[in-house]
Amino acid sequence: MKETKNDLLKGTLDLLVLQSLSLGPLHGLGVSDRIAQITQGAFKVKPGSLFPALHRLEEAGWLKSSWGESENNRRAKYYRLTKAGQRQLKVETEGWQRISLAITSALKAT
Amino acid sequence: MALLPRVSSLWRNLFDKESVDQELNEELRAHVDLLTDKKISEGLKPEEARRAALIEVGGIEQVKERVREVRTGRPLEDLSQDLRYALRGLRKNRGFTAVAIITLALGIGANTAIFTVINTVLLRPLPYERPDQLVALMETISERPVGVSYPNFVDWRNQSTAFENIAAVRNRESFNLTGAGESERLQGRLVSANFLSTLGVKPIRGRDFLAEDDQPGANPVALISDALWQRRFGADESILGKQLTLNGQQFTVVGITPPNFQYGSEADVTVPIGLSAERFKLRGKDPGINAVARIKPGTSAEAANAELNTIAARLEQQYPDTNTGRRLRVEALSESVVGEVRPILLTLLGAVGFVLLIACANVANLLLTRSAGRQKEMAIRTALGAGRARILRQLFTESTVLALAGGVVGLLLAFWGTSLISSYIPEGIPRMSELGIDGRVLLFTLGASLLTGVFFGLAPALQSSDANLTETLKEGERNSSRGHNRAGKLLVISEVALTLVLLVGAGLLVKSFWRLSQVDPGFDPQNVLAMQISVSARPEEGAKVDGFLSELQSRVRTLPGVQSVSVSNGLPFEGANFPPIVIDGQPPPAPGQDLTGLLYTVSTDYFKTMRIALVRGRLFSAQDTRESPQVALIDEVFARNYFPNQDPIGRRFRLNTPDAEMREIIGVVRHVEHAGLEGQTADTAEFYFNFDQVPIATLPRYVRRVNLLVRTIVEPLSLAGPVRNQISALDKDQAVFNVRTMEQALSRSVAARRFSMILLGVFALLALTLAAVGIYGVISYSVAQRTREVGIRMALGASTTDVIKLVVRDGLKLVLIGVGIGLAGALALTRMMTTLLFGVTPTDALTYTTVALGLIVVALIACCIPARRATKVDPLVALRFE
């Protein structure tokens, strides 16, 4: 499993967090589990990176948080995408695809 | 990026910090709980699950700190934290804080005060409309400025095209105001009708002069100053159109000039110069005016200069007798107003800059000493994760707070200092009535404070950033002093060098002043009372004036305490005519090569009263009357210049006017320093006519300004009252003014010099005190660091003297290096002071030696105190000291 903390590009982490919330609200642990799931375990986000990212995205207005009950009846803070967050996800997805395409073709063109 | 959520988060982060933190706490706790649940569900026992969860989170506090770091408004929060921390540190260390703030306040205060003066005098534009277009026009003869001749002025005005306006002004005319109320002596000026409009100044009531007012024979009109209007007429609006009696003539008041309007000097009354065109009709010998002009937009001063000089060349051809060699100079008005005081002001600014640097060095040393004690604290903070940038920011916040506090106190000192300066500032420094602290001064103070903060904050910051973390934590505080000692040494050296430069500058001024006070003015100023009277008389009243003068002198002579009395037209330090002359038996001088001399018209007892020594021949006596042969006295310079290697007694000369009579030279007297002790008139011939031989018909002209001189055997000013009483008993309308002793007149003539000497001296002493304190501080600290070494030495048998020698030698080495650098700096910098010196060169060896020795002695004393303290060390205690 790949260790990712600071070396995970900030933009990439944001993109993954936004993507993980696109299906519905999650709490912090949920977000990190979901990221692990959708990247097939390639990325495991630790709390030291996860929480700063969540708070940063919330202050930017892309996420909104509220307290709720977890499946096993614990109080937890849930994050969901705002309208602005959905727009941002689209922008970042397109940006990422452009870069990834460019890098891929660059690597192929030896 | 959306602004609104940012603003609301900023608000919450700054003002609802506790609940934001609380929420983060709960969120993370919930996270750990959830993770524990997850681990349990994966099959771990509850305690193991919790431990595994905590390990995975990896330090709740660090996670929290990282979240806080990304929050909006974090820099602001850091700043406020730094500030709070800095203030707490300063409060805790009151002695340190007080010394640092006072030191900085002295430095910043002195700078602000001097900058206030410079700002007012040199930087603020002149208080006229579009002042950059205004120029002063000066006539020069062989590069030397002379008074502008009014007829020439009229020709320039008519012929030049480069100017919007050319105006004439003659300041310091005096007017006797008589009639209703007490008679009063007023300062006035004569101006051409366009004077105010050239400057762009408008009367606040009534009207400006019209061209018709400015003609011989026009109906006499006058403008009065706002001050006179308020003071004498109670701001009565009906003054306009009323008549004033000035010098016996009726003037209609047509307007009032604005409050604080000044040009060169203040004037209570302003009258058109054209009314007295008769006085100014002679091209070569009129009393002289000043000319001020406004250049047309788009015309350069050089073009104006060239045009005027073409006109001057034309006038030279047209009037060779009077205009040969007369040239013109165009100078920015601001330059002609303040050009002369610039060197002294800049010198003072340099001096206070040095004082501030020394203050900085002292505070830097204080901070170093303090930060040496905080080395451990810094190391611990670094170990706990504070980055180097964070620590530097903290240190700079502290020094900036300190500097700003110093700036505030300094500003208060400057308020006080500026009012002190303005109440002691001598006449002759222009624009002092405008002196005040404005936005630019405040900005300067702020800038100086911030710069100061960065400057003295640099030393401890640099030092702390190269501190080795492990070393510091391991070795304790002892080893950290090496860097400090190096910085301390540098500070001592630079303080000594800066102080030496200042002391040399001040020393040179002191010596100049001393040299000046040794100059023999040629007369004895002690116990001479002088006052001016201005007798207004119509041309036909000569006999009456004659009677008045002799009656006045004989009445005053009988007053107790009076030794002798005389009257004069022309007086040293006051002014005299400077007419051209013709010597009998010598060919008439070529045009432009006039023989001239200062003319004093005096009564018989003048030489006795002023104690001017007779060199040869005889003085005036009662036998010299209007009926006897006309005689004159000359001074040594006259004799040397015009009768080289000849006996002047018995030779004859006359004024170069058509109707002047030849006069025989009966004696030679000592040369008198007429314009000041600096030898401004050392080569100017002087000659004396007898008041009793002035033709009755011309007497009224001579007494428009006449000095009454009284030599006393008591304190001269105590006779001012009785003499005044005698004058008003003779003529109750007679105004008396400018009452002073000749000693006062003499001291006033060197007042500007004394003022700059005192200021520079004060700054140099301030620098010396600060430097002594600084040296003391550095040496004390290094002695404290070496307590153990001293203890060992003493335990091994070193004597008290050995220890003192050890400490003093170290200090002295630094001081000597500083003195060396300072001497070199002084040699380089004092060259710029040449114009401020008198009778002493900028490299005067005696001054340099005295100052260097004095500084070394003071520095030695500053070293000796801590050295003596070192000898009190008990070896046992010292060895245990750890």
# chains A, B, ... in the order shown; residues from 1 in each chain; ligands from 1
call {"tool": "interface_residues", "arguments": {"of": "chain A", "to": "chain B", "cutoff": "6 Å", "atoms": "only C-alpha atoms", "output": "ChimeraX atom specification"}}
result
/A:47-48,52,59,61,76
call {"tool": "select_by_dssp", "arguments": {"residues": "chain A", "states": "strand (DSSP E or B)", "output": "PyMOL selection string"}}
result
chain A and resi 3-4+26-27+44-45+63-69+75-81
call {"tool": "write_last_selection", "arguments": {"atoms": "C-alpha atoms", "output": "PDB file, in the first residue's frame"}}
result
ATOM      1  CA  GLU A   3       1.982   5.875   1.954  1.00  0.00           C
ATOM      2  CA  THR A   4       0.624   9.289   1.105  1.00  0.00           C
ATOM      3  CA  LEU A  26     -19.844  11.438   4.794  1.00  0.00           C
ATOM      4  CA  HIS A  27     -17.943  11.979   8.056  1.00  0.00           C
ATOM      5  CA  LYS A  44      -4.778   6.089   2.239  1.00  0.00           C
ATOM      6  CA  VAL A  45      -5.339   9.590   3.587  1.00  0.00           C
ATOM      7  CA  LEU A  63     -18.269  21.817   1.548  1.00  0.00           C
ATOM      8  CA  LYS A  64     -20.812  22.279   4.241  1.00  0.00           C
ATOM      9  CA  SER A  65     -20.668  20.430   7.547  1.00  0.00           C
ATOM     10  CA  SER A  66     -23.300  19.455  10.094  1.00  0.00           C
ATOM     11  CA  TRP A  67     -23.483  17.151  13.082  1.00  0.00           C
ATOM     12  CA  GLY A  68     -25.306  13.883  12.593  1.00  0.00           C
ATOM     13  CA  GLU A  69     -25.639  10.308  13.856  1.00  0.00           C
ATOM     14  CA  ARG A  75     -22.299  11.683  16.954  1.00  0.00           C
ATOM     15  CA  ALA A  76     -20.118  12.646  13.998  1.00  0.00           C
ATOM     16  CA  LYS A  77     -19.548  15.610  11.773  1.00  0.00           C
ATOM     17  CA  TYR A  78     -20.807  15.043   8.251  1.00  0.00           C
ATOM     18  CA  TYR A  79     -19.595  16.876   5.173  1.00  0.00           C
ATOM     19  CA  ARG A  80     -21.554  17.356   1.960  1.00  0.00           C
ATOM     20  CA  LEU A  81     -20.872  19.099  -1.326  1.00  0.00           C
TER      21      LEU A  81
END
call {"tool": "residues_around", "arguments": {"residues": "Gly248 of chain B", "least_positions_apart": "5", "cutoff": "10 Å", "atoms": "only C-alpha atoms", "output": "NGL selection string"}}
result
:B and (175-179 or 536-538)
call {"tool": "write_last_selection", "arguments": {"atoms": "N, CA and C atoms", "output": "CSV table (one decimal), in the first residue's frame"}}
result
chain,number,residue,atom,x,y,z
B,175,PHE,N,8.0,102.9,9.5
B,175,PHE,CA,7.0,104.0,9.5
B,175,PHE,C,6.6,104.4,10.9
B,176,ASN,N,6.5,105.6,11.2
B,176,ASN,CA,5.9,106.1,12.4
B,176,ASN,C,4.5,106.3,12.3
B,177,LEU,N,3.7,105.6,13.0
B,177,LEU,CA,2.2,105.8,13.0
B,177,LEU,C,1.9,106.7,14.1
B,178,THR,N,1.3,107.9,13.7
B,178,THR,CA,1.0,108.9,14.7
B,178,THR,C,-0.5,109.2,14.6
B,179,GLY,N,-1.0,110.1,15.4
B,179,GLY,CA,-2.4,110.4,15.3
B,179,GLY,C,-3.2,109.7,16.4
B,536,SER,N,10.5,112.3,12.2
B,536,SER,CA,9.9,112.7,11.0
B,536,SER,C,9.9,114.3,10.9
B,537,ALA,N,10.5,114.8,9.9
B,537,ALA,CA,10.5,116.2,9.7
B,537,ALA,C,10.3,116.6,8.3
B,538,ARG,N,9.7,117.7,8.0
B,538,ARG,CA,9.6,118.1,6.6
B,538,ARG,C,10.9,118.7,6.2
call {"tool": "residues_around", "arguments": {"residues": "segment 486-502 of chain B", "least_positions_apart": "6", "cutoff": "6 Å", "atoms": "only C-alpha atoms", "output": "short mmCIF file (atom, residue, chain, number, x, y, z; two decimals) with N, CA and C atoms, in the first residue's frame"}}
result
data_model
loop_
_atom_site.label_atom_id
_atom_site.label_comp_id
_atom_site.auth_asym_id
_atom_site.auth_seq_id
_atom_site.Cartn_x
_atom_site.Cartn_y
_atom_site.Cartn_z
N ILE B 358 23.56 55.19 17.22
CA ILE B 358 24.15 54.78 18.50
C ILE B 358 23.06 54.21 19.41
N ALA B 361 22.37 50.79 18.36
CA ALA B 361 23.42 49.86 18.78
C ALA B 361 23.21 49.47 20.25
N ALA B 764 26.09 65.75 20.45
CA ALA B 764 27.34 65.02 20.66
C ALA B 764 27.40 64.48 22.07
N ALA B 767 25.21 61.56 22.34
CA ALA B 767 25.87 60.41 21.74
C ALA B 767 26.91 59.83 22.69
N LEU B 768 27.68 60.73 23.33
CA LEU B 768 28.73 60.28 24.24
C LEU B 768 28.12 59.49 25.39
N ALA B 771 26.90 56.17 24.17
CA ALA B 771 28.01 55.28 23.87
C ALA B 771 28.64 54.76 25.15
N ILE B 775 29.06 50.91 26.06
CA ILE B 775 30.33 50.24 26.37
C ILE B 775 30.23 49.55 27.72
N VAL B 778 28.22 46.33 27.37
CA VAL B 778 28.92 45.22 26.71
C VAL B 778 30.00 44.64 27.62
N LEU B 814 38.97 47.59 21.84
CA LEU B 814 37.80 47.93 21.02
C LEU B 814 37.69 49.43 20.84
N GLY B 818 37.71 51.68 17.45
CA GLY B 818 36.62 52.62 17.17
C GLY B 818 37.14 54.02 16.94
N VAL B 819 38.07 54.45 17.80
CA VAL B 819 38.64 55.81 17.66
C VAL B 819 39.33 55.95 16.31
N ILE B 821 38.74 54.30 13.48
CA ILE B 821 37.74 54.40 12.40
C ILE B 821 37.05 55.76 12.46
N GLY B 822 36.74 56.20 13.70
CA GLY B 822 36.06 57.48 13.87
C GLY B 822 36.90 58.63 13.35
N ALA B 826 35.74 61.15 10.59
CA ALA B 826 35.66 62.58 10.85
C ALA B 826 36.42 63.37 9.79
#
call {"tool": "atom_distance", "arguments": {"atom1": "atom CA of Gly820 of chain B", "atom2": "atom CA of Thr769 of chain B"}}
result
19.5 Å
call {"tool": "residues_around", "arguments": {"residues": "segment 400-405 of chain B", "least_positions_apart": "3", "cutoff": "10 Å", "atoms": "only C-alpha atoms", "output": "number ranges by chain"}}
result
B: 83, 86-87, 90, 97-98, 100-102, 104-105, 108, 360, 363, 394-397, 408-411, 445-457
call {"tool": "write_last_selection", "arguments": {"atoms": "C-alpha atoms", "output": "CSV table (one decimal), in the first residue's frame"}}
result
chain,number,residue,atom,x,y,z
B,83,LEU,CA,2.0,40.9,19.8
B,86,ALA,CA,5.9,40.5,22.9
B,87,LEU,CA,3.9,42.8,25.2
B,90,LEU,CA,8.2,43.6,27.7
B,97,THR,CA,11.9,47.9,28.5
B,98,ALA,CA,12.2,51.3,30.1
B,100,ALA,CA,15.3,50.5,25.6
B,101,ILE,CA,12.3,52.8,25.1
B,102,ILE,CA,14.1,55.9,26.6
B,104,LEU,CA,15.1,54.9,21.3
B,105,ALA,CA,12.9,57.9,22.2
B,108,ILE,CA,13.9,59.2,17.4
B,360,CYS,CA,20.1,51.4,17.9
B,363,VAL,CA,19.2,48.6,22.2
B,394,GLN,CA,8.4,36.6,16.9
B,395,LEU,CA,11.7,38.4,17.5
B,396,PHE,CA,10.9,41.1,14.9
B,397,THR,CA,7.5,41.6,16.4
B,408,VAL,CA,5.6,57.5,20.3
B,409,VAL,CA,7.7,58.7,23.3
B,410,GLY,CA,10.1,60.2,20.8
B,411,LEU,CA,7.3,62.1,19.1
B,445,THR,CA,8.9,59.3,12.6
B,446,LEU,CA,6.9,56.2,11.7
B,447,GLY,CA,9.5,55.3,9.1
B,448,ALA,CA,12.4,56.0,11.3
B,449,SER,CA,10.9,53.9,14.1
B,450,LEU,CA,10.2,50.9,11.9
B,451,LEU,CA,13.6,51.1,10.3
B,452,THR,CA,15.1,51.3,13.7
B,453,GLY,CA,13.2,48.3,14.8
B,454,VAL,CA,14.4,46.2,11.9
B,455,PHE,CA,17.9,47.5,12.4
B,456,PHE,CA,18.4,46.7,16.1
B,457,GLY,CA,16.2,43.6,15.8
call {"tool": "closest_residue", "arguments": {"among": "B:Val146, B:Leu328, B:Leu392, B:Leu509", "to": "Leu760 of chain B", "atoms": "only C-alpha atoms"}}
result
B:Leu509
call {"tool": "residues_around", "arguments": {"residues": "segment 220-229 of chain B", "least_positions_apart": "6", "cutoff": "7 Å", "atoms": "only C-alpha atoms", "output": "PyMOL selection string"}}
result
chain B and resi 213+235+250-259+267-271
call {"tool": "write_last_selection", "arguments": {"atoms": "C-alpha atoms", "output": "PDB file, in the first residue's frame"}}
result
ATOM      1  CA  ASP B 213      -1.416 103.874  -7.089  1.00  0.00           C
ATOM      2  CA  ALA B 235     -10.664  94.083  13.426  1.00  0.00           C
ATOM      3  CA  GLN B 250      -1.745 110.742   5.138  1.00  0.00           C
ATOM      4  CA  PHE B 251      -2.368 107.281   3.615  1.00  0.00           C
ATOM      5  CA  THR B 252      -5.762 105.794   2.759  1.00  0.00           C
ATOM      6  CA  VAL B 253      -6.148 102.179   3.875  1.00  0.00           C
ATOM      7  CA  VAL B 254      -7.380 100.214   0.858  1.00  0.00           C
ATOM      8  CA  GLY B 255      -6.934  96.625   1.976  1.00  0.00           C
ATOM      9  CA  ILE B 256      -5.748  94.087   4.514  1.00  0.00           C
ATOM     10  CA  THR B 257      -3.096  91.427   3.781  1.00  0.00           C
ATOM     11  CA  PRO B 258      -3.807  87.825   4.871  1.00  0.00           C
ATOM     12  CA  PRO B 259      -2.830  86.526   8.303  1.00  0.00           C
ATOM     13  CA  ALA B 267       5.398  94.030   7.581  1.00  0.00           C
ATOM     14  CA  ASP B 268       2.535  95.877   9.238  1.00  0.00           C
ATOM     15  CA  VAL B 269       2.110  98.306   6.396  1.00  0.00           C
ATOM     16  CA  THR B 270       2.705  97.962   2.690  1.00  0.00           C
ATOM     17  CA  VAL B 271       2.800 101.017   0.440  1.00  0.00           C
TER      18      VAL B 271
END
call {"tool": "residues_around", "arguments": {"residues": "segment 85-92 of chain A", "least_positions_apart": "3", "cutoff": "10 Å", "atoms": "only C-alpha atoms", "output": "JSON, numbers by chain"}}
result
{"A": [11, 12, 14, 15, 16, 17, 18, 19, 21, 22, 57, 58, 60, 61, 62, 63, 64, 80, 81, 82, 95, 96, 97, 98], "B": [1]}
call {"tool": "write_last_selection", "arguments": {"atoms": "C-alpha atoms", "output": "PDB file, in the first residue's frame"}}
result
ATOM      1  CA  GLY A  11      -4.923  19.586  -5.772  1.00  0.00           C
ATOM      2  CA  THR A  12      -5.158  15.794  -6.023  1.00  0.00           C
ATOM      3  CA  ASP A  14      -8.925  18.140  -2.934  1.00  0.00           C
ATOM      4  CA  LEU A  15     -10.147  16.371  -6.028  1.00  0.00           C
ATOM      5  CA  LEU A  16     -10.360  13.036  -4.230  1.00  0.00           C
ATOM      6  CA  VAL A  17     -12.196  14.555  -1.259  1.00  0.00           C
ATOM      7  CA  LEU A  18     -14.700  16.294  -3.523  1.00  0.00           C
ATOM      8  CA  GLN A  19     -15.164  13.142  -5.601  1.00  0.00           C
ATOM      9  CA  LEU A  21     -18.500  13.296  -1.373  1.00  0.00           C
ATOM     10  CA  SER A  22     -20.210  13.434  -4.755  1.00  0.00           C
ATOM     11  CA  LEU A  57     -12.547  23.152   1.468  1.00  0.00           C
ATOM     12  CA  GLU A  58     -15.295  24.111   3.885  1.00  0.00           C
ATOM     13  CA  ALA A  60     -13.641  27.946   0.635  1.00  0.00           C
ATOM     14  CA  GLY A  61     -17.371  27.315   0.518  1.00  0.00           C
ATOM     15  CA  TRP A  62     -17.254  23.998  -1.383  1.00  0.00           C
ATOM     16  CA  LEU A  63     -18.269  21.817   1.548  1.00  0.00           C
ATOM     17  CA  LYS A  64     -20.812  22.279   4.241  1.00  0.00           C
ATOM     18  CA  ARG A  80     -21.554  17.356   1.960  1.00  0.00           C
ATOM     19  CA  LEU A  81     -20.872  19.099  -1.326  1.00  0.00           C
ATOM     20  CA  THR A  82     -22.364  22.527  -1.889  1.00  0.00           C
ATOM     21  CA  GLY A  95      -8.231  20.021 -15.230  1.00  0.00           C
ATOM     22  CA  TRP A  96      -6.989  16.683 -13.989  1.00  0.00           C
ATOM     23  CA  GLN A  97      -8.030  14.900 -17.155  1.00  0.00           C
ATOM     24  CA  ARG A  98      -6.209  17.439 -19.253  1.00  0.00           C
TER      25      ARG A  98
ATOM     26  CA  MET B   1     -13.264  31.898  -5.045  1.00  0.00           C
TER      27      MET B   1
END
call {"tool": "atom_distance", "arguments": {"atom1": "atom CA of Val750 of chain B", "atom2": "atom CA of Thr830 of chain B"}}
result
20.9 Å
call {"tool": "decode", "arguments": {"residues": "segment 59-86 of chain A", "atoms": "N, CA and C atoms", "output": "mmCIF file, in the first residue's frame"}}
result
data_model
loop_
_atom_site.group_PDB
_atom_site.id
_atom_site.type_symbol
_atom_site.label_atom_id
_atom_site.label_comp_id
_atom_site.auth_asym_id
_atom_site.auth_seq_id
_atom_site.Cartn_x
_atom_site.Cartn_y
_atom_site.Cartn_z
ATOM 1 N N GLU A 59 -13.989 26.141 4.331
ATOM 2 C CA GLU A 59 -13.831 27.599 4.401
ATOM 3 C C GLU A 59 -13.893 28.223 3.016
ATOM 4 N N ALA A 60 -13.549 27.426 2.003
ATOM 5 C CA ALA A 60 -13.641 27.946 0.635
ATOM 6 C C ALA A 60 -15.085 27.932 0.140
ATOM 7 N N GLY A 61 -15.956 27.315 0.896
ATOM 8 C CA GLY A 61 -17.371 27.315 0.518
ATOM 9 C C GLY A 61 -17.768 26.136 -0.357
ATOM 10 N N TRP A 62 -16.929 25.124 -0.504
ATOM 11 C CA TRP A 62 -17.254 23.998 -1.383
ATOM 12 C C TRP A 62 -17.908 22.854 -0.618
ATOM 13 N N LEU A 63 -17.624 22.820 0.695
ATOM 14 C CA LEU A 63 -18.269 21.817 1.548
ATOM 15 C C LEU A 63 -19.098 22.525 2.594
ATOM 16 N N LYS A 64 -20.072 21.751 3.111
ATOM 17 C CA LYS A 64 -20.812 22.279 4.241
ATOM 18 C C LYS A 64 -20.851 21.162 5.268
ATOM 19 N N SER A 65 -20.702 21.494 6.543
ATOM 20 C CA SER A 65 -20.668 20.430 7.547
ATOM 21 C C SER A 65 -21.856 20.576 8.487
ATOM 22 N N SER A 66 -22.271 19.425 9.072
ATOM 23 C CA SER A 66 -23.300 19.455 10.094
ATOM 24 C C SER A 66 -23.137 18.198 10.941
ATOM 25 N N TRP A 67 -23.607 18.294 12.186
ATOM 26 C CA TRP A 67 -23.483 17.151 13.082
ATOM 27 C C TRP A 67 -24.625 16.168 12.789
ATOM 28 N N GLY A 68 -24.266 14.892 12.811
ATOM 29 C CA GLY A 68 -25.306 13.883 12.593
ATOM 30 C C GLY A 68 -24.983 12.612 13.349
ATOM 31 N N GLU A 69 -25.845 11.588 13.177
ATOM 32 C CA GLU A 69 -25.639 10.308 13.856
ATOM 33 C C GLU A 69 -25.011 9.339 12.879
ATOM 34 N N SER A 70 -24.036 8.596 13.369
ATOM 35 C CA SER A 70 -23.431 7.586 12.489
ATOM 36 C C SER A 70 -24.276 6.315 12.514
ATOM 37 N N GLU A 71 -23.927 5.342 11.651
ATOM 38 C CA GLU A 71 -24.707 4.103 11.552
ATOM 39 C C GLU A 71 -24.778 3.378 12.892
ATOM 40 N N ASN A 72 -23.637 3.450 13.696
ATOM 41 C CA ASN A 72 -23.716 2.817 15.015
ATOM 42 C C ASN A 72 -23.940 3.846 16.128
ATOM 43 N N ASN A 73 -24.801 4.829 15.817
ATOM 44 C CA ASN A 73 -25.307 5.773 16.818
ATOM 45 C C ASN A 73 -24.252 6.624 17.514
ATOM 46 N N ARG A 74 -23.185 6.988 16.793
ATOM 47 C CA ARG A 74 -22.242 7.937 17.374
ATOM 48 C C ARG A 74 -22.433 9.290 16.700
ATOM 49 N N ARG A 75 -22.215 10.346 17.524
ATOM 50 C CA ARG A 75 -22.299 11.683 16.954
ATOM 51 C C ARG A 75 -21.073 11.918 16.076
ATOM 52 N N ALA A 76 -21.275 12.401 14.865
ATOM 53 C CA ALA A 76 -20.118 12.646 13.998
ATOM 54 C C ALA A 76 -20.420 13.840 13.098
ATOM 55 N N LYS A 77 -19.365 14.433 12.617
ATOM 56 C CA LYS A 77 -19.548 15.610 11.773
ATOM 57 C C LYS A 77 -19.553 15.152 10.320
ATOM 58 N N TYR A 78 -20.645 15.482 9.632
ATOM 59 C CA TYR A 78 -20.807 15.043 8.251
ATOM 60 C C TYR A 78 -20.520 16.201 7.299
ATOM 61 N N TYR A 79 -19.877 15.863 6.190
ATOM 62 C CA TYR A 79 -19.595 16.876 5.173
ATOM 63 C C TYR A 79 -20.383 16.547 3.923
ATOM 64 N N ARG A 80 -20.921 17.600 3.259
ATOM 65 C CA ARG A 80 -21.554 17.356 1.960
ATOM 66 C C ARG A 80 -21.122 18.457 0.986
ATOM 67 N N LEU A 81 -21.263 18.128 -0.308
ATOM 68 C CA LEU A 81 -20.872 19.099 -1.326
ATOM 69 C C LEU A 81 -21.895 20.221 -1.417
ATOM 70 N N THR A 82 -21.436 21.438 -1.589
ATOM 71 C CA THR A 82 -22.364 22.527 -1.889
ATOM 72 C C THR A 82 -22.451 22.655 -3.410
ATOM 73 N N LYS A 83 -23.343 23.587 -3.850
ATOM 74 C CA LYS A 83 -23.438 23.838 -5.301
ATOM 75 C C LYS A 83 -22.069 24.254 -5.844
ATOM 76 N N ALA A 84 -21.434 25.142 -5.097
ATOM 77 C CA ALA A 84 -20.122 25.609 -5.537
ATOM 78 C C ALA A 84 -19.130 24.456 -5.561
ATOM 79 N N GLY A 85 -19.294 23.556 -4.611
ATOM 80 C CA GLY A 85 -18.414 22.402 -4.544
ATOM 81 C C GLY A 85 -18.569 21.502 -5.753
ATOM 82 N N GLN A 86 -19.861 21.335 -6.191
ATOM 83 C CA GLN A 86 -20.092 20.508 -7.381
ATOM 84 C C GLN A 86 -19.439 21.147 -8.605
#
